[in-house]
Amino acid sequence: MARRRLHATAPARERAWLVAVDAPGAPLPAADSLTELAELARTAGAVVAGRSTQRRDRPRPATYIGAGKLREVADACAAHRARTVIFDDELSPAQQRNLEEALGLKVLDRTALILDIFALRASTREGRLQVELAQTEYLLPRLRGQWSHLERMEGAIGLRGPGETQIESDRRLVRRRMAKLRRDLDQVRTQRELYRRQRRRAGAPVVALVGYTNAGKTTLMRALCGASVRPEDKLFATLDPVTRKLALPSGRTALLTDTVGFIQKLPLQLVAAFRATLEELEDAEALLHVVDASHPHAAVHAATVEDALRELSVLGRPMIVARNKIDALARADGAEPADEREARALAAAAAPASDGQRPVSAARGWGVEGLRAAIDETLAATPA
């Protein structure tokens, strides 16, 4: 009997080519920013086929990169069978349209990619509403760009009547959907405010976990609270707030709330879209800022988080900095530390700890009890 040939049934993963402008004065060099973009692309399910950078003072207004680099990207995509090109900055509607016409491929920017990951990660009704609102707000100006060539030819032969009606119809539908999403989110905020009032009456202080995406916030929550939350080594693994009880050495109980992670070049409209989730920060007596101490750009990541907290007007709260993942710090020979004592020495050498900074390894449990005591002391010193 002839052997039947088996065929794969899983859909092929998209092959993507990444592009960045290496501008002077940027917080991260283009190569490092593209490494982060590659991790975002993989989180979204894409295969990174390759990457290109161009040294420019600023992105080109029409096509982000120059004409020569654009031809180079087109040739590279053809050679490596990439059908999607992802740009490391947010593109204007005109830039996206021009790039799609020039490349003949699907074009995404960093914002669209992050929104796609948000859509994958949102698990509650609140999270899904916030993601859809952000996606719709992102779509609206691009919808205008899509029809702009018709608007310029208003009344021209072949474009009268239904064509013009469709433009306004599409805009009206999008705006109507955005209005409904905002009303639904207002209801969510009302329900969340009632829940916060109950918490305040119960007298339990709130500590909000903040940090760069994938810094280990969820793992640290598990170490501190014994929480039944499953950490994932993926970007934006937490979108919906998770709150657990935290027992303190003084015998008091606090509430520890995990929040969405921040990232470089996260547009403010995305932060605003998650305002209902980030309102947890406004109710917090203290912030626990988790920094991946083993990351080569830990200082840039910490500054990014602080900039976002400043935009949200919560940076002035008492803050404890947990310098996490000290077990992954590299020794001079490239090996990881053998024990907690060596890890602490490496952490101190990398950035001497201050009163507000605590070296920890959430995965190993190193420094967790000292961090718990620091949280207790901070809350005790915070006026009720």
# chains A, B, ... in the order shown; residues from 1 in each chain; ligands from 1
>>> residues_around(residues="Ala30 in chain A", least_positions_apart="3", cutoff="8 Å", atoms="only C-alpha atoms", output="list in words")
Ala20, Val21, Asp22, Ala23, Ser33, Leu34 and Thr53 of chain A
>>> write_last_selection(atoms="C-alpha atoms", output="PDB file, in the first residue's frame")
ATOM      1  CA  ALA A  20      15.257  51.745  11.385  1.00  0.00           C
ATOM      2  CA  VAL A  21      16.800  55.179  11.040  1.00  0.00           C
ATOM      3  CA  ASP A  22      19.964  55.630  13.112  1.00  0.00           C
ATOM      4  CA  ALA A  23      19.547  59.248  14.206  1.00  0.00           C
ATOM      5  CA  SER A  33      16.390  49.385  18.986  1.00  0.00           C
ATOM      6  CA  LEU A  34      16.004  46.885  16.138  1.00  0.00           C
ATOM      7  CA  THR A  53      19.419  50.698   9.107  1.00  0.00           C
TER       8      THR A  53
END
>>> select_by_dssp(residues="range 2-81 of chain A", states="strand (DSSP E)", output="PDB file with C-alpha atoms, in the first residue's frame")
ATOM      1  CA  ARG A  15       8.468  36.705   7.283  1.00  0.00           C
ATOM      2  CA  ALA A  16       9.267  40.296   8.211  1.00  0.00           C
ATOM      3  CA  TRP A  17      12.087  42.712   7.346  1.00  0.00           C
ATOM      4  CA  LEU A  18      12.905  45.363   9.949  1.00  0.00           C
ATOM      5  CA  VAL A  19      13.985  48.932   9.150  1.00  0.00           C
ATOM      6  CA  ALA A  20      15.257  51.745  11.385  1.00  0.00           C
ATOM      7  CA  VAL A  21      16.800  55.179  11.040  1.00  0.00           C
ATOM      8  CA  ASP A  22      19.964  55.630  13.112  1.00  0.00           C
ATOM      9  CA  VAL A  47       9.846  35.362  11.609  1.00  0.00           C
ATOM     10  CA  VAL A  48      12.499  38.075  11.312  1.00  0.00           C
ATOM     11  CA  ALA A  49      14.136  37.603   7.904  1.00  0.00           C
ATOM     12  CA  GLY A  50      16.608  40.475   8.313  1.00  0.00           C
ATOM     13  CA  ARG A  51      17.071  44.125   9.106  1.00  0.00           C
ATOM     14  CA  SER A  52      18.316  47.392   7.599  1.00  0.00           C
ATOM     15  CA  THR A  53      19.419  50.698   9.107  1.00  0.00           C
ATOM     16  CA  GLN A  54      20.186  54.078   7.575  1.00  0.00           C
ATOM     17  CA  ARG A  55      22.161  56.873   9.202  1.00  0.00           C
TER      18      ARG A  55
END
>>> closest_residue(among="A:Ala26, A:Val368, A:Leu140, A:Leu266", to="Thr111 in chain A", atoms="only C-alpha atoms")
A:Leu266
>>> residues_around(residues="Leu120 in chain A", least_positions_apart="3", cutoff="8 Å", atoms="only C-alpha atoms", output="list in words")
Ala44, Asp116 and Ile117 of chain A
>>> residues_around(residues="range 341-351 of chain A", least_positions_apart="3", cutoff="7 Å", atoms="only C-alpha atoms", output="ChimeraX atom specification")
/A:326-327,329,337-338,359
>>> write_last_selection(atoms="C-alpha atoms", output="compact mmCIF listing (two decimals), in the first residue's frame")
# COMPACT_ATOMS: atom_id res chain seq x y z
CA ILE A 326 20.90 39.86 39.49
CA ASP A 327 21.34 36.11 39.03
CA LEU A 329 24.53 39.42 35.71
CA PRO A 337 27.25 34.41 39.50
CA ALA A 338 27.57 31.24 41.54
CA PRO A 359 19.11 44.10 44.31
>>> closest_atom_pairs(of="range 27-78 of chain A", to="range 251-265 of chain A", cutoff="9 Å", atoms="only C-alpha atoms", output="CSV")
residue,atom,partner,partner_atom,distance
A:Pro27,CA,A:Gln264,CA,8.7
A:Leu28,CA,A:Gln264,CA,8.9
A:Ser33,CA,A:Gln264,CA,8.3
A:Glu36,CA,A:Gln264,CA,8.9
>>> atom_distance(atom1="CA of Thr243 in chain A", atom2="CA of Gln198 in chain A")
13.9 Å
>>> select_by_dssp(residues="range 206-378 of chain A", states="helix (DSSP H, G or I)", output="number ranges by chain")
A: 217-225, 268-273, 275-282, 298-311, 326-328, 340-350, 368-378
>>> residues_around(residues="Val291 in chain A", least_positions_apart="5", cutoff="6 Å", atoms="only C-alpha atoms", output="list in words")
Ala215, Arg323 and Asn324 of chain A
>>> write_last_selection(atoms="N, CA and C atoms", output="PDB file, in the first residue's frame")
ATOM      1  N   ALA A 215      10.591  43.053  32.459  1.00  0.00           N
ATOM      2  CA  ALA A 215      11.580  43.270  33.513  1.00  0.00           C
ATOM      3  C   ALA A 215      11.458  42.259  34.641  1.00  0.00           C
ATOM      4  N   ARG A 323      16.083  46.096  41.649  1.00  0.00           N
ATOM      5  CA  ARG A 323      16.990  45.776  40.541  1.00  0.00           C
ATOM      6  C   ARG A 323      17.003  44.260  40.396  1.00  0.00           C
ATOM      7  N   ASN A 324      16.143  43.783  39.532  1.00  0.00           N
ATOM      8  CA  ASN A 324      15.846  42.354  39.403  1.00  0.00           C
ATOM      9  C   ASN A 324      16.848  41.643  38.484  1.00  0.00           C
TER      10      ASN A 324
END
>>> atom_distance(atom1="CA of Met178 in chain A", atom2="CA of Leu99 in chain A")
27.6 Å
>>> closest_residue(among="A:Glu311, A:Glu193, A:Glu72, A:Glu137", to="Ala179 in chain A", atoms="only C-alpha atoms")
A:Glu137
